[in-house]
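Have a look at structure.pdb below; it lists PDB, C-alpha atoms.
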```
ATOM      1  CA  MET A 667       0.000   0.000   0.000
ATOM      2  CA  ALA A 668       1.242   3.457  -0.846
ATOM      3  CA  GLN A 669       0.295   7.122  -0.728
ATOM      4  CA  ILE A 670      -0.177   7.984  -4.403
ATOM      5  CA  LEU A 671      -1.101  11.369  -5.841
ATOM      6  CA  VAL A 672      -2.991  11.314  -9.146
ATOM      7  CA  THR A 673      -3.438  14.470 -11.202
ATOM      8  CA  GLY A 674      -6.460  14.595 -13.491
ATOM      9  CA  ALA A 675      -8.378  12.401 -11.051
ATOM     10  CA  ALA A 676     -11.766  13.555 -12.356
ATOM     11  CA  GLY A 677     -10.747  12.776 -15.938
ATOM     12  CA  PHE A 678     -11.427   9.643 -17.941
ATOM     13  CA  ILE A 679      -8.198   7.721 -17.366
ATOM     14  CA  GLY A 680      -7.521   9.354 -14.001
ATOM     15  CA  PHE A 681     -10.844   8.160 -12.617
ATOM     16  CA  HIS A 682     -10.192   4.560 -13.660
ATOM     17  CA  VAL A 683      -6.621   4.641 -12.313
ATOM     18  CA  CYS A 684      -7.778   6.032  -8.954
ATOM     19  CA  ARG A 685     -10.472   3.387  -8.674
ATOM     20  CA  ARG A 686      -7.977   0.606  -9.386
ATOM     21  CA  LEU A 687      -5.475   1.955  -6.835
ATOM     22  CA  LEU A 688      -8.206   2.196  -4.199
ATOM     23  CA  ASP A 689      -9.351  -1.349  -4.967
ATOM     24  CA  ARG A 690      -5.857  -2.665  -4.252
ATOM     25  CA  GLY A 691      -5.605  -0.779  -0.948
ATOM     26  CA  ASP A 692      -3.589   2.349  -1.747
ATOM     27  CA  THR A 693      -4.322   5.775  -0.286
ATOM     28  CA  VAL A 694      -5.039   8.191  -3.137
ATOM     29  CA  VAL A 695      -4.950  11.973  -3.326
ATOM     30  CA  GLY A 696      -6.695  13.211  -6.458
ATOM     31  CA  LEU A 697      -6.000  16.618  -8.022
ATOM     32  CA  ASP A 698      -8.135  18.162 -10.760
ATOM     33  CA  ASN A 699      -9.229  21.649 -11.824
ATOM     34  CA  ILE A 700     -12.649  20.450 -13.115
ATOM     35  CA  ASN A 701     -12.389  22.675 -16.194
ATOM     36  CA  ASP A 702     -15.212  22.952 -18.706
ATOM     37  CA  TYR A 703     -13.415  21.569 -21.771
ATOM     38  CA  TYR A 704     -16.280  19.077 -21.766
ATOM     39  CA  ASP A 705     -19.442  18.594 -19.687
ATOM     40  CA  VAL A 706     -18.393  18.841 -16.030
ATOM     41  CA  ARG A 707     -21.346  16.713 -14.924
ATOM     42  CA  ILE A 708     -19.528  13.562 -15.955
ATOM     43  CA  LYS A 709     -16.449  14.724 -14.021
ATOM     44  CA  HIS A 710     -18.502  15.270 -10.870
ATOM     45  CA  ALA A 711     -20.140  11.872 -11.342
ATOM     46  CA  ARG A 712     -16.723  10.220 -11.515
ATOM     47  CA  LEU A 713     -15.564  12.046  -8.390
ATOM     48  CA  GLU A 714     -18.701  11.093  -6.511
ATOM     49  CA  ARG A 715     -17.849   7.428  -6.997
ATOM     50  CA  LEU A 716     -14.246   7.908  -5.894
ATOM     51  CA  GLN A 717     -15.238   9.866  -2.810
ATOM     52  CA  SER A 718     -17.223   6.900  -1.506
ATOM     53  CA  SER A 719     -13.842   5.518  -0.365
ATOM     54  CA  SER A 720     -12.367   6.784   2.895
ATOM     55  CA  ARG A 721      -8.886   6.378   1.381
ATOM     56  CA  PHE A 722      -9.549   8.949  -1.358
ATOM     57  CA  THR A 723      -8.965  12.675  -0.833
ATOM     58  CA  PHE A 724      -9.863  15.193  -3.516
ATOM     59  CA  ARG A 725      -8.194  18.540  -3.900
ATOM     60  CA  ARG A 726      -9.287  21.051  -6.529
ATOM     61  CA  CYS A 727      -6.089  22.401  -8.015
ATOM     62  CA  GLU A 728      -4.940  24.392 -11.035
ATOM     63  CA  LEU A 729      -1.584  22.916 -12.018
ATOM     64  CA  ALA A 730      -0.453  26.145 -13.674
ATOM     65  CA  ASP A 731      -0.607  27.761 -10.207
ATOM     66  CA  ARG A 732       2.799  26.958  -8.731
ATOM     67  CA  ALA A 733       1.950  27.889  -5.132
ATOM     68  CA  GLU A 734      -1.221  25.804  -5.226
ATOM     69  CA  VAL A 735       0.648  22.742  -6.499
ATOM     70  CA  ASP A 736       3.412  23.153  -3.921
ATOM     71  CA  ARG A 737       0.856  23.353  -1.102
ATOM     72  CA  GLY A 738      -0.910  20.227  -2.279
ATOM     73  CA  PHE A 739       2.280  18.193  -2.438
ATOM     74  CA  ALA A 740       3.567  19.524   0.879
ATOM     75  CA  GLU A 741       0.345  18.738   2.721
ATOM     76  CA  HIS A 742      -0.046  15.203   1.361
ATOM     77  CA  SER A 743       3.612  14.096   0.944
ATOM     78  CA  PRO A 744       2.958  11.513  -1.788
ATOM     79  CA  GLU A 745       5.376   8.631  -2.217
ATOM     80  CA  ARG A 746       4.535   8.260  -5.911
ATOM     81  CA  VAL A 747       2.828  10.500  -8.442
ATOM     82  CA  ILE A 748       0.791   9.575 -11.515
ATOM     83  CA  HIS A 749       0.449  12.672 -13.676
ATOM     84  CA  LEU A 750      -2.527  12.315 -16.017
ATOM     85  CA  ALA A 751      -3.859  15.890 -16.050
ATOM     86  CA  ALA A 752      -3.476  17.651 -19.396
ATOM     87  CA  GLN A 753      -5.318  19.675 -21.942
ATOM     88  CA  ALA A 754      -6.146  16.936 -24.422
ATOM     89  CA  GLY A 755      -7.321  16.962 -28.020
ATOM     90  CA  VAL A 756      -5.474  17.530 -31.282
ATOM     91  CA  ARG A 757      -8.117  19.670 -33.001
ATOM     92  CA  TYR A 758      -8.724  21.929 -30.005
ATOM     93  CA  SER A 759      -5.013  22.787 -29.980
ATOM     94  CA  LEU A 760      -5.373  24.420 -33.392
ATOM     95  CA  THR A 761      -7.631  27.143 -31.999
ATOM     96  CA  ASN A 762      -6.647  27.325 -28.311
ATOM     97  CA  PRO A 763      -2.857  26.894 -28.233
ATOM     98  CA  ARG A 764      -2.168  28.884 -25.062
ATOM     99  CA  VAL A 765      -4.352  26.558 -22.994
ATOM    100  CA  TYR A 766      -1.989  23.721 -23.925
ATOM    101  CA  VAL A 767       1.081  25.674 -22.874
ATOM    102  CA  ASP A 768      -0.485  26.631 -19.526
ATOM    103  CA  SER A 769      -1.657  23.125 -18.684
ATOM    104  CA  ASN A 770       0.783  20.795 -20.414
ATOM    105  CA  VAL A 771       4.019  22.771 -20.136
ATOM    106  CA  THR A 772       3.753  25.179 -17.186
ATOM    107  CA  GLY A 773       1.640  22.709 -15.231
ATOM    108  CA  PHE A 774       4.138  19.920 -15.850
ATOM    109  CA  VAL A 775       7.082  22.036 -14.698
ATOM    110  CA  ASN A 776       5.207  22.698 -11.469
ATOM    111  CA  VAL A 777       4.591  18.966 -10.986
ATOM    112  CA  LEU A 778       8.259  18.174 -11.651
ATOM    113  CA  GLU A 779       9.415  20.808  -9.176
ATOM    114  CA  ALA A 780       6.992  19.573  -6.520
ATOM    115  CA  CYS A 781       8.147  15.980  -7.041
ATOM    116  CA  ARG A 782      11.773  17.063  -6.714
ATOM    117  CA  HIS A 783      11.303  19.008  -3.501
ATOM    118  CA  GLN A 784       9.106  16.336  -1.920
ATOM    119  CA  ALA A 785      11.552  13.558  -2.847
ATOM    120  CA  VAL A 786       8.885  11.573  -4.687
ATOM    121  CA  GLN A 787       9.998   7.979  -5.297
ATOM    122  CA  HIS A 788       8.576   7.706  -8.822
ATOM    123  CA  LEU A 789       6.795  10.038 -11.255
ATOM    124  CA  VAL A 790       4.731   8.289 -13.916
ATOM    125  CA  PHE A 791       3.356  10.675 -16.533
ATOM    126  CA  ALA A 792       1.048  10.387 -19.513
ATOM    127  CA  SER A 793       2.514  11.032 -22.912
ATOM    128  CA  SER A 794       0.684  10.224 -26.153
ATOM    129  CA  SER A 795       0.920   8.308 -29.399
ATOM    130  CA  SER A 796       0.595  11.721 -31.063
ATOM    131  CA  VAL A 797       4.320  12.305 -30.437
ATOM    132  CA  TYR A 798       5.060   9.967 -33.361
ATOM    133  CA  GLY A 799       3.742  12.709 -35.634
ATOM    134  CA  ALA A 800       5.116  12.383 -39.168
ATOM    135  CA  ASN A 801       6.690   8.956 -38.470
ATOM    136  CA  THR A 802       5.390   6.355 -40.914
ATOM    137  CA  LYS A 803       7.339   3.248 -39.857
ATOM    138  CA  LEU A 804       4.854   0.899 -38.176
ATOM    139  CA  PRO A 805       4.469  -0.259 -35.500
ATOM    140  CA  PHE A 806       5.556   2.849 -33.613
ATOM    141  CA  SER A 807       8.512   2.088 -31.350
ATOM    142  CA  VAL A 808       9.743   3.995 -28.303
ATOM    143  CA  HIS A 809      13.247   3.399 -29.638
ATOM    144  CA  ASP A 810      12.593   5.569 -32.716
ATOM    145  CA  ASN A 811      13.235   9.292 -32.976
ATOM    146  CA  VAL A 812      10.083  11.449 -32.650
ATOM    147  CA  ASP A 813      11.108  14.962 -33.617
ATOM    148  CA  HIS A 814       8.338  15.802 -36.107
ATOM    149  CA  PRO A 815       5.069  16.464 -34.207
ATOM    150  CA  LEU A 816       2.048  17.481 -36.290
ATOM    151  CA  SER A 817       0.081  19.377 -33.640
ATOM    152  CA  LEU A 818       0.848  21.617 -30.691
ATOM    153  CA  TYR A 819      -0.730  18.986 -28.427
ATOM    154  CA  ALA A 820       1.837  16.462 -29.677
ATOM    155  CA  ALA A 821       4.633  18.995 -29.227
ATOM    156  CA  THR A 822       3.668  19.584 -25.590
ATOM    157  CA  LYS A 823       3.709  15.846 -24.929
ATOM    158  CA  LYS A 824       7.141  15.516 -26.506
ATOM    159  CA  ALA A 825       8.222  18.469 -24.356
ATOM    160  CA  ASN A 826       6.995  16.602 -21.267
ATOM    161  CA  GLU A 827       9.234  13.657 -22.124
ATOM    162  CA  LEU A 828      12.254  15.936 -22.534
ATOM    163  CA  MET A 829      11.527  17.853 -19.341
ATOM    164  CA  ALA A 830      11.103  14.645 -17.341
ATOM    165  CA  HIS A 831      14.408  13.306 -18.641
ATOM    166  CA  THR A 832      16.125  16.526 -17.601
ATOM    167  CA  TYR A 833      14.848  16.167 -14.022
ATOM    168  CA  ALA A 834      15.791  12.499 -13.977
ATOM    169  CA  HIS A 835      19.300  13.475 -15.064
ATOM    170  CA  LEU A 836      19.833  16.549 -12.890
ATOM    171  CA  PHE A 837      18.011  15.525  -9.722
ATOM    172  CA  ARG A 838      17.830  11.716 -10.032
ATOM    173  CA  LEU A 839      14.034  11.913  -9.984
ATOM    174  CA  PRO A 840      12.847   8.528 -11.329
ATOM    175  CA  CYS A 841      10.463   9.237 -14.234
ATOM    176  CA  THR A 842       8.496   6.972 -16.561
ATOM    177  CA  GLY A 843       6.546   8.274 -19.547
ATOM    178  CA  LEU A 844       3.634   6.291 -20.995
ATOM    179  CA  ARG A 845       2.533   6.856 -24.569
ATOM    180  CA  PHE A 846      -1.192   6.066 -24.638
ATOM    181  CA  PHE A 847      -2.878   4.962 -27.875
ATOM    182  CA  THR A 848      -6.508   6.079 -28.495
ATOM    183  CA  VAL A 849      -8.067   5.143 -25.175
ATOM    184  CA  TYR A 850     -11.795   4.299 -25.065
ATOM    185  CA  GLY A 851     -14.296   2.704 -22.724
ATOM    186  CA  PRO A 852     -16.909   3.462 -20.025
ATOM    187  CA  TRP A 853     -16.752   6.952 -18.515
ATOM    188  CA  GLY A 854     -14.945   8.167 -21.658
ATOM    189  CA  ARG A 855     -14.492  11.750 -22.807
ATOM    190  CA  PRO A 856     -17.489  13.194 -24.671
ATOM    191  CA  ASP A 857     -15.202  14.855 -27.251
ATOM    192  CA  MET A 858     -13.733  11.559 -28.469
ATOM    193  CA  ALA A 859     -14.876   9.765 -31.605
ATOM    194  CA  LEU A 860     -16.618   6.765 -30.024
ATOM    195  CA  PHE A 861     -18.645   9.008 -27.710
ATOM    196  CA  VAL A 862     -19.487  11.459 -30.516
ATOM    197  CA  PHE A 863     -20.540   8.647 -32.861
ATOM    198  CA  THR A 864     -22.690   6.974 -30.198
ATOM    199  CA  ARG A 865     -24.575  10.144 -29.374
ATOM    200  CA  ALA A 866     -25.170  11.001 -33.029
ATOM    201  CA  ILE A 867     -26.355   7.502 -33.961
ATOM    202  CA  LEU A 868     -28.804   7.340 -31.044
ATOM    203  CA  GLU A 869     -30.130  10.800 -31.936
ATOM    204  CA  GLY A 870     -30.607   9.856 -35.587
ATOM    205  CA  ARG A 871     -27.946  12.259 -36.886
ATOM    206  CA  ALA A 872     -25.258  11.697 -39.501
ATOM    207  CA  ILE A 873     -21.690  11.126 -38.331
ATOM    208  CA  ASP A 874     -18.596  12.849 -39.719
ATOM    209  CA  VAL A 875     -15.941  10.396 -40.918
ATOM    210  CA  PHE A 876     -12.594  12.038 -41.637
ATOM    211  CA  ASN A 877     -10.047  11.057 -44.286
ATOM    212  CA  TYR A 878     -12.988   9.405 -46.045
ATOM    213  CA  GLY A 879     -12.804   6.578 -43.536
ATOM    214  CA  GLN A 880      -9.235   5.634 -44.542
ATOM    215  CA  MET A 881      -7.883   5.752 -40.996
ATOM    216  CA  LYS A 882      -6.625   3.144 -38.566
ATOM    217  CA  ARG A 883      -6.260   3.558 -34.833
ATOM    218  CA  ASP A 884      -4.770   1.320 -32.174
ATOM    219  CA  PHE A 885      -7.911   1.610 -30.020
ATOM    220  CA  THR A 886      -6.978   0.610 -26.462
ATOM    221  CA  TYR A 887      -9.557  -0.311 -23.854
ATOM    222  CA  VAL A 888      -9.261   1.734 -20.678
ATOM    223  CA  ASP A 889      -8.840  -1.271 -18.357
ATOM    224  CA  ASP A 890      -5.757  -2.277 -20.349
ATOM    225  CA  ILE A 891      -4.348   1.236 -19.974
ATOM    226  CA  VAL A 892      -4.965   1.113 -16.224
ATOM    227  CA  GLU A 893      -3.295  -2.281 -15.878
ATOM    228  CA  GLY A 894      -0.226  -0.917 -17.604
ATOM    229  CA  VAL A 895      -0.147   2.245 -15.467
ATOM    230  CA  VAL A 896      -0.468   0.359 -12.182
ATOM    231  CA  ARG A 897       2.208  -2.169 -13.087
ATOM    232  CA  ILE A 898       4.571   0.603 -14.167
ATOM    233  CA  VAL A 899       4.067   2.763 -11.053
ATOM    234  CA  ASP A 900       5.402  -0.139  -8.981
ATOM    235  CA  ARG A 901       8.480  -0.479 -11.196
ATOM    236  CA  VAL A 902      10.806   2.390 -10.357
ATOM    237  CA  PRO A 903      13.266   2.955 -13.237
ATOM    238  CA  THR A 904      17.012   2.787 -12.698
ATOM    239  CA  PRO A 905      19.841   4.040 -14.913
ATOM    240  CA  ASP A 906      20.581   1.775 -17.881
ATOM    241  CA  PRO A 907      24.312   0.946 -17.804
ATOM    242  CA  ALA A 908      24.199  -0.102 -21.477
ATOM    243  CA  TRP A 909      22.945   3.298 -22.668
ATOM    244  CA  SER A 910      25.390   5.067 -24.971
ATOM    245  CA  GLY A 911      25.546   8.676 -26.057
ATOM    246  CA  ASP A 912      27.126   7.506 -29.313
ATOM    247  CA  HIS A 913      23.888   5.758 -30.220
ATOM    248  CA  PRO A 914      21.303   7.316 -27.886
ATOM    249  CA  ASP A 915      18.177   5.244 -27.305
ATOM    250  CA  PRO A 916      15.189   7.571 -26.664
ATOM    251  CA  ALA A 917      13.446   4.947 -24.506
ATOM    252  CA  CYS A 918      16.024   4.823 -21.707
ATOM    253  CA  SER A 919      18.991   6.707 -20.292
ATOM    254  CA  ARG A 920      21.923   6.835 -17.925
ATOM    255  CA  ALA A 921      19.369   8.633 -15.749
ATOM    256  CA  PRO A 922      16.485   6.808 -13.989
ATOM    257  CA  TYR A 923      14.133   7.281 -16.943
ATOM    258  CA  ARG A 924      11.986   5.063 -19.206
ATOM    259  CA  LEU A 925       9.396   5.366 -21.954
ATOM    260  CA  TYR A 926       6.730   2.788 -22.853
ATOM    261  CA  ASN A 927       3.923   2.463 -25.362
ATOM    262  CA  ILE A 928       0.583   1.259 -24.023
ATOM    263  CA  GLY A 929      -1.537   0.308 -27.017
ATOM    264  CA  ASN A 930      -3.623  -2.626 -28.169
ATOM    265  CA  ASN A 931      -0.993  -3.635 -30.757
ATOM    266  CA  ASN A 932      -3.838  -4.255 -33.208
ATOM    267  CA  PRO A 933      -4.903  -1.263 -35.348
ATOM    268  CA  VAL A 934      -8.554  -1.160 -36.366
ATOM    269  CA  GLU A 935     -10.021   0.550 -39.423
ATOM    270  CA  LEU A 936     -12.319   3.424 -38.513
ATOM    271  CA  MET A 937     -15.115   1.999 -40.668
ATOM    272  CA  TYR A 938     -14.932  -1.288 -38.754
ATOM    273  CA  LEU A 939     -15.202   0.603 -35.466
ATOM    274  CA  ILE A 940     -18.352   2.326 -36.749
ATOM    275  CA  ASP A 941     -19.829  -0.943 -38.042
ATOM    276  CA  THR A 942     -19.196  -2.606 -34.679
ATOM    277  CA  LEU A 943     -20.714   0.329 -32.787
ATOM    278  CA  GLU A 944     -23.837   0.270 -34.973
ATOM    279  CA  ARG A 945     -24.276  -3.450 -34.305
ATOM    280  CA  SER A 946     -23.974  -2.866 -30.558
ATOM    281  CA  LEU A 947     -26.506  -0.019 -30.696
ATOM    282  CA  GLY A 948     -28.854  -1.829 -33.077
ATOM    283  CA  LYS A 949     -29.044   1.320 -35.171
ATOM    284  CA  THR A 950     -27.209   2.848 -38.118
ATOM    285  CA  ALA A 951     -26.504   6.408 -39.244
ATOM    286  CA  PRO A 952     -25.586   8.180 -42.492
ATOM    287  CA  ARG A 953     -21.864   8.909 -42.842
ATOM    288  CA  ASN A 954     -20.433  12.224 -44.034
ATOM    289  CA  LEU A 955     -17.092  11.370 -45.647
ATOM    290  CA  LEU A 956     -14.721  14.298 -45.121
ATOM    291  CA  PRO A 957     -11.025  15.087 -45.732
ATOM    292  CA  MET A 958      -8.314  14.541 -43.136
ATOM    293  CA  GLN A 959      -8.243  17.158 -40.389
ATOM    294  CA  PRO A 960      -5.044  19.178 -39.770
ATOM    295  CA  GLY A 961      -2.810  17.612 -37.127
ATOM    296  CA  GLU A 962      -4.195  14.090 -37.580
ATOM    297  CA  VAL A 963      -2.314  11.030 -38.850
ATOM    298  CA  PRO A 964      -3.719   8.175 -40.986
ATOM    299  CA  SER A 965      -2.585   5.280 -38.763
ATOM    300  CA  THR A 966      -1.346   4.467 -35.277
ATOM    301  CA  TYR A 967       0.059   1.124 -34.155
ATOM    302  CA  ALA A 968       1.928   0.442 -30.906
ATOM    303  CA  ASP A 969       4.968  -1.754 -30.459
ATOM    304  CA  VAL A 970       4.517  -2.965 -26.859
ATOM    305  CA  GLU A 971       7.412  -5.418 -26.594
ATOM    306  CA  ASP A 972       9.177  -3.339 -23.920
ATOM    307  CA  LEU A 973       6.034  -3.174 -21.780
ATOM    308  CA  GLU A 974       5.540  -6.927 -22.004
ATOM    309  CA  ARG A 975       9.217  -7.633 -21.280
ATOM    310  CA  ASP A 976       9.438  -5.373 -18.232
ATOM    311  CA  VAL A 977       6.055  -5.812 -16.528
ATOM    312  CA  GLY A 978       4.645  -8.969 -18.141
ATOM    313  CA  PHE A 979       1.602  -7.340 -19.685
ATOM    314  CA  ARG A 980       0.273  -6.369 -23.091
ATOM    315  CA  PRO A 981      -3.190  -4.940 -23.840
ATOM    316  CA  ALA A 982      -5.519  -7.465 -25.457
ATOM    317  CA  THR A 983      -9.189  -6.460 -25.065
ATOM    318  CA  PRO A 984     -10.909  -7.006 -28.460
ATOM    319  CA  ILE A 985     -12.600  -3.955 -29.939
ATOM    320  CA  GLU A 986     -15.941  -5.812 -30.064
ATOM    321  CA  VAL A 987     -15.837  -6.462 -26.314
ATOM    322  CA  GLY A 988     -14.712  -2.941 -25.427
ATOM    323  CA  ILE A 989     -17.350  -1.230 -27.563
ATOM    324  CA  GLN A 990     -20.142  -3.341 -26.088
ATOM    325  CA  ARG A 991     -19.022  -2.416 -22.561
ATOM    326  CA  PHE A 992     -18.962   1.258 -23.543
ATOM    327  CA  VAL A 993     -22.435   1.075 -25.067
ATOM    328  CA  ASP A 994     -23.814  -0.673 -21.969
ATOM    329  CA  TRP A 995     -22.334   2.053 -19.747
ATOM    330  CA  TYR A 996     -23.583   4.850 -22.024
ATOM    331  CA  ARG A 997     -27.167   3.541 -21.991
ATOM    332  CA  GLU A 998     -27.117   3.214 -18.208
ATOM    333  CA  PHE A 999     -25.465   6.574 -17.473
ATOM    334  CA  TYR A1000     -27.661   8.563 -19.857
ATOM    335  CA  GLN A1001     -30.718   6.389 -19.248
ATOM    336  CA  VAL A1002     -31.141   5.500 -22.907
ATOM    337  CA  PRO A1003     -33.728   2.735 -23.374
ATOM    338  CA  ARG A1004     -32.781  -0.343 -25.362
TER
END
```

This structure in structure tokens:
Amino acid sequence: MAQILVTGAAGFIGFHVCRRLLDRGDTVVGLDNINDYYDVRIKHARLERLQSSSRFTFRRCELADRAEVDRGFAEHSPERVIHLAAQAGVRYSLTNPRVYVDSNVTGFVNVLEACRHQAVQHLVFASSSSVYGANTKLPFSVHDNVDHPLSLYAATKKANELMAHTYAHLFRLPCTGLRFFTVYGPWGRPDMALFVFTRAILEGRAIDVFNYGQMKRDFTYVDDIVEGVVRIVDRVPTPDPAWSGDHPDPACSRAPYRLYNIGNNNPVELMYLIDTLERSLGKTAPRNLLPMQPGEVPSTYADVEDLERDVGFRPATPIEVGIQRFVDWYREFYQVPR
């Protein structure tokens, strides 16, 4: 059992991670600013379920506020930190770039500083498959260079990886970055494709399908993401003695630092996702075939060999199973009759 601080606790992945940590007996401090990027009612509903545990403490906190973050860390003295809070979304970053800098860059510096001064044993932070950007070699590997982001969101996530490595090097703060691949499942974000499609289909509206449906995503069920996060938080990284500056491997370091992909390792065509969703809902919808949106990529596909080697786990929930669980949750939460 440990005292673990989770940022973004009212968010999609943060909620599931907190619940899993509580189920295994940890004490959890959850930080979140409850912003209105999407409907806050679902955030409050998530928190309500977490607060039923006596081992969960919630603290409303704006990570860009340095003094507020320092107070939270000082008062709760976490042993480990799981940093999941971020301004998410590729398309939103095209029109609201400063929000991403405030949350994903300034906020992350404040978390790093707080971890350093509180002597946190391990910082696990969320990166993203978006960092692969213009890379076209599949599957995406953490050992490949990722210096060509295609959105500001991706650039901030790459910046997080660089900043974490710097703190691991300078202050020996053990840091592990996790590149998540298109997470979906119950309690998901209303701005994500599966949620948007479900709502439109049930309301009898057409759905927008970008790149004319010629897209593949490594859709990863949220329980698989959580399993990876929890296994990693217990595995504190150490310096890799084999690392060489002559041939630098981005996934490890002479510092206590690691990077992992967490993805389903099985890309699914967008049209198949929609077909599967329509079968689960028992209803179809017209499809508006549209061009690719700026900042998007045609395919994602995770190489998860390092994750499996180091913690003995690889995501494996089939898309058909995950979508049905999401649909069941959606109908129950929004009281949609069958």

* To do: Return as a VMD selection string the set of residues that the PyMOL selection byres ((chain A and resi 958) around 8) yields on the displayed structure.
  => chain A and resid 876 to 878 956 to 957 959 to 960 962

Would you list the contacts of Leu860 in chain A as a short mmCIF file (atom, residue, chain, number, x, y, z; two decimals) with C-alpha atoms, keeping the file's coordinate frame, taking every protein, DNA or RNA residue within 9 Å and counting all atoms listed in the file, but skipping same-chain residues closer than 6 positions in sequence?
```cif
data_model
loop_
_atom_site.label_atom_id
_atom_site.label_comp_id
_atom_site.auth_asym_id
_atom_site.auth_seq_id
_atom_site.Cartn_x
_atom_site.Cartn_y
_atom_site.Cartn_z
CA TYR A 850 -11.80 4.30 -25.06
CA GLY A 851 -14.30 2.70 -22.72
CA GLY A 854 -14.94 8.17 -21.66
CA LEU A 939 -15.20 0.60 -35.47
CA ILE A 940 -18.35 2.33 -36.75
CA LEU A 943 -20.71 0.33 -32.79
CA ILE A 989 -17.35 -1.23 -27.56
CA PHE A 992 -18.96 1.26 -23.54
#
```

For this session: Could you tell me which residues the PyMOL selection byres ((chain A and resi 726) around 8) returns for this structure, as a list in words?
Result: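 Selected by the PyMOL selection byres ((chain A and resi 726) around 8) here: Leu697, Asp698, Asn699, Ile700, Phe724, Arg725, Cys727 and Glu728 of chain A.
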
#### Entry: For Asp857 in chain A, the nearest of the candidates A:Leu925, A:Val899, A:Ala754, A:Leu839, counting all atoms listed in the file
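Closest residue, counting all atoms listed in the file: A:Ala754.
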
Give me the box for range 962-974 of chain A as JSON, namely the centre and edge lengths in Å to one decimal of a box along x, y and z that holds every listed atom plus 8 Å on each side.
```
{"center_x": 2.5, "center_y": 3.6, "center_z": -31.4, "size_x": 29.4, "size_y": 37.0, "size_z": 35.2}
```

Computed gap from CA of Val993 in chain A to CA of Ile867 in chain A is 11.7 Å

Open item on the list: Can you spell out as an NGL selection string the set of residues that the PyMOL selection byres ((chain A and resi 792) around 10) selects in the structure I just provided?
Closed with: :A and (679 or 748-752 or 790-791 or 793-794 or 823 or 826-827 or 842-846 or 895)

Which residues come within 8 Å of Lys824 in chain A, counting all atoms listed in the file, excluding same-chain residues fewer than 4 positions away, as number ranges by chain? A: 793, 797, 812, 820, 828

**Message:** For a quick check of understanding, using only C-alpha atoms, which of A:Ala676, A:Val771, A:Leu789, A:Ile873 has the smallest distance to Met829 in chain A?
**Reply:**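 Checking each candidate against Met829 in chain A, we get A:Val771 as the closest.
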
For Pro964 in chain A, the closest of A:Val765, A:Leu936, A:Ala780, A:Ala834 counting all atoms listed in the file is A:Leu936

>> Please compute the CA of Arg855 in chain A-CA of Arg737 in chain A distance, one decimal, in Å.
In response: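 Interatomic distance, CA of Arg855 in chain A to CA of Arg737 in chain A: 29.0 Å.
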
Would you mind reading off the distance between CA of Thr942 in chain A and CA of Ile928 in chain A, one decimal, in Å?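 Computed distance, CA of Thr942 in chain A to CA of Ile928 in chain A, equals 22.8 Å.
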
*Within 9 Å of Val695 in chain A using all atoms listed in the file, minus same-chain residues under 5 positions, as a list in words*: Gln669, Ile670, Leu671, Val672, Thr673, Ala675, Cys684, Arg721, Phe722, Thr723, Phe724, Arg725, His742 and Pro744 of chain A

Nearest candidate to Arg924 in chain A (options A:Asp890, A:Ala866, A:Ala830, A:Ile708; using all atoms listed in the file):
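Nearest to Arg924 in chain A: A:Ala830.
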
Exercise for review: With a distance cut-off of 6 Å and all atoms listed in the file, select the neighbouring residues of Ala872 in chain A, excluding the residue or stretch itself and same-chain residues fewer than 2 positions from it, and output the selection as a PyMOL selection string.
Suggested key: chain A and resi 951-953

Within 8 Å of Lys949 in chain A using all atoms listed in the file, minus same-chain residues under 4 positions, as number ranges by chain
A: 867-868, 944-945

If you count only C-alpha atoms, the residue of A:Met667, A:Val862, A:Leu947, A:Val747 closest to Ile898 in chain A turns out to be A:Val747

So which one's closest to Ser965 in chain A, A:Arg883, A:Arg901, A:Arg746, A:His710? Using only C-alpha atoms, please.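 Going through A:Arg883, A:Arg901, A:Arg746, A:His710 one by one, the smallest distance to Ser965 in chain A is for A:Arg883.
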
Repaired coordinates for range 777-784 of chain A (N, CA and C atoms) as a PDB file, in the frame of the given file:
```
ATOM      1  N   VAL A 777       4.636  20.331 -11.529  1.00  0.00           N
ATOM      2  CA  VAL A 777       4.591  18.966 -10.986  1.00  0.00           C
ATOM      3  C   VAL A 777       6.011  18.429 -10.793  1.00  0.00           C
ATOM      4  N   LEU A 778       6.869  18.634 -11.774  1.00  0.00           N
ATOM      5  CA  LEU A 778       8.259  18.174 -11.651  1.00  0.00           C
ATOM      6  C   LEU A 778       8.956  18.815 -10.446  1.00  0.00           C
ATOM      7  N   GLU A 779       8.785  20.103 -10.299  1.00  0.00           N
ATOM      8  CA  GLU A 779       9.415  20.808  -9.176  1.00  0.00           C
ATOM      9  C   GLU A 779       8.887  20.286  -7.836  1.00  0.00           C
ATOM     10  N   ALA A 780       7.579  20.081  -7.762  1.00  0.00           N
ATOM     11  CA  ALA A 780       6.992  19.573  -6.520  1.00  0.00           C
ATOM     12  C   ALA A 780       7.504  18.169  -6.219  1.00  0.00           C
ATOM     13  N   CYS A 781       7.611  17.328  -7.242  1.00  0.00           N
ATOM     14  CA  CYS A 781       8.147  15.980  -7.041  1.00  0.00           C
ATOM     15  C   CYS A 781       9.588  16.038  -6.550  1.00  0.00           C
ATOM     16  N   ARG A 782      10.370  16.933  -7.123  1.00  0.00           N
ATOM     17  CA  ARG A 782      11.773  17.063  -6.714  1.00  0.00           C
ATOM     18  C   ARG A 782      11.891  17.467  -5.256  1.00  0.00           C
ATOM     19  N   HIS A 783      11.158  18.485  -4.858  1.00  0.00           N
ATOM     20  CA  HIS A 783      11.303  19.008  -3.501  1.00  0.00           C
ATOM     21  C   HIS A 783      10.667  18.101  -2.452  1.00  0.00           C
ATOM     22  N   GLN A 784       9.719  17.271  -2.866  1.00  0.00           N
ATOM     23  CA  GLN A 784       9.106  16.336  -1.920  1.00  0.00           C
ATOM     24  C   GLN A 784       9.751  14.954  -1.967  1.00  0.00           C
TER      25      GLN A 784
END
```
